[in-house]
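Please read the structure below before turning to the comments.
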Amino acid sequence: MEVMGRFAKQEEVIMKKESKVYVIGHRNPDTDSICSAIAYADIKNRTENGNFVAKRAGQINEETEYVLSRFGVRAPGYLPDAGTQVKEIEIHEIQGVEGSISVKRAWERMRAENVVTLPVTSENKDLLGIITVSDIAKSYMDAYDSSVMSQAKTKYHSIAETLDGEVMVGNEHGYFVKGRVVIGAFHPDMMENYINQDDLVILGNRAEDQLCAIEMEASCLVVGLGAKVSKSIQKLAEDHDCVIISSPHDTYTIARLINQSIPIKYLMTKDNIITFSTNDFVDEIKEIMKTHRHRDFPILNKKNKYIGTISRRNLIGNGKKKLILVDHNEKSQAVDNVEEAEILEIIDHHRLGSLETIAPVLFRNQPVGCTATIMYQIYKERNLKIHQNIAGILCAAIISDTLMFRSPTCTAIDKEAARNLAEIAGIEIEEFATEMFRAGSNLKDKSPEEIFYQDFKKFIVEEATFGVGQINSMDSDELNNIKNQLLPQLESECLKHGIPQVYFMLTNIIEESTELVYFGEDTRNLVELAFHPEQIDDNSAILPGVVSRKKQLIPGFMLALQQQQM
């Protein structure tokens, strides 16, 4: 029964982690990816029990930043890796103890909480050290040094508390800082040769022994069996600054217990402590745990403050990150280590990609121009009121993804959704689109690398791997300036991340055409085979009517690659 009771207490100190579900778009996110994640988290939180949080897998671009600011919506937090972190598993919320508490109190705490490790912390939760059952056991096995208590600077109050006694004479807040612990079991004549100045002497009820110890300048007397100490002896002790402690125990018990009054800071480990952060990934700390076979490891939060401990047992069956993916279903476009996460749902409008799941998931994929259109439908299906700011960002996402309805991906469903959302948001579509596209193409403060990765995706088609980026603008001069910056960047980025061919679409929204720039082996041949452009050279081609990466460029490349395989 006692074991079961301790086990129950142990379970009580386990910190339960609230299960979050992250709604996240693709890396190098565009406006649709970000806004759809925000909207779907809103839908889930309003219709289901749970904690759904919108996240982003990359840097927000200028266009999206403008949209979020325009409608007063906070940008989602950054989630660069889907691997499980320490903050997502259950940890033991073992409270830290002060270094001044006695070994006895530490041992009682360990038994009460059924733990073998106690963290020693400051008032501000700074980790000062750790003490383990092994440290305590070792102190008992090495108990040959009779001066260890003074070396540890043991408090008189702790000595009295450990011996279930009280301080009768002297300052209980003082410290035993010099001398040895001795037992005054000899005749007074012999005691004079045995007791040194500043010693702590364990005695019985014989007044002559007590008197002798005081005269030998002992710093503390411990009187056993609750024996009375005469007023004259007490007065003499006061005059000699000698502390007197009374204990109900016999001499043997006192001698056995007294070392338990040592403050744990004297025994604790304080150097080279292995700690983990709440942001550490479980896969990484598993390897460290294998190398260092400690029972428990302290956990520090992002402010480097102690919050609890974990052991190997905590890692067994630890919960994976729970994800809902929006606006993508390609592994190459997903957050890093997506395969380590538990994918619950996928909401998308792209072709079926390479992403695999362990268990069946809710997969909603519709041939519309924008994931935000699907979000609008879900709001309607669930009879949810769409708030003005959400309506604004969803409308912006549709305008962005469909290039203000000019893209061949755009459907009548997209147009209807955008118009209804614009009415809720209180905006004029054409006026707002002009402002949004202007903000998105304003890249004067961006480096070529930042422009390159602003909207860049990796594709694997047949046996070919290539990357495609895109910038949309209503200004041909601006696009030409961007082209001059990007051409050297294409060469430097080629072969990075295992991508031997890179393409970049410079799309003119007004003219509804794209200048495609490219670099890499056989890139020109693929463009010629796919689109037969009239204007083409070694690094660029003009593609009239081509404005969509998803609906036009990638399908064209797919057909051309299939022809090459025949």
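Simple scheme: letters A, B, ... for chains in structure tokens order, numbers from 1 for residues in each chain, numbers from 1 for ligands in the order shown.
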
Checklist entry - Hey, what does DSSP flag as helix (DSSP H, G or I) within stretch 86-160 of chain A? Can you give it to me as JSON, numbers by chain? => result {"A": [86, 87, 88, 103, 104, 105, 106, 107, 108, 109, 110, 111, 112, 113, 133, 134, 135, 136, 137, 138, 139, 140, 141, 148, 149, 150, 151, 156, 157, 158, 159, 160]}

Could you give me, as CSV, a per-residue list for stretch 483-540 of chain A showing, wherever an atom lies at most 8 Å from an atom of stretch 462-474 of chain A, the closest pair of atoms and their distance in Å to one decimal, using only C-alpha atoms and sorting by chain then residue number from low to high?
```
residue,atom,partner,partner_atom,distance
A:Gly498,CA,A:Thr465,CA,7.8
A:Ile499,CA,A:Phe466,CA,5.3
A:Pro500,CA,A:Phe466,CA,6.3
A:Gln501,CA,A:Phe466,CA,4.8
A:Val502,CA,A:Gly467,CA,4.8
A:Tyr503,CA,A:Val468,CA,4.8
A:Phe504,CA,A:Gly469,CA,4.6
A:Met505,CA,A:Gln470,CA,4.4
A:Leu506,CA,A:Ile471,CA,5.3
A:Thr507,CA,A:Asn472,CA,4.8
A:Asn508,CA,A:Ser473,CA,5.3
A:Ile509,CA,A:Met474,CA,5.2
A:Ile510,CA,A:Met474,CA,5.6
```

Checklist entry - To one decimal place, how far is atom CA of A:Asp445 from atom CA of A:Thr31 in Å? => result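 Answer for the atom CA of A:Asp445 to atom CA of A:Thr31 separation: 19.6 Å.
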
Checklist entry - Could you work out how far atom CA of A:Val182 lies from atom CA of A:Lys155, giving the answer in Å with one decimal? => result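 Result for atom CA of A:Lys155 versus atom CA of A:Val182: 17.2 Å, one decimal.
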
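Distance-wise, atom CA of A:Phe281 and atom CA of A:Asp296 end up 16.8 Å apart.
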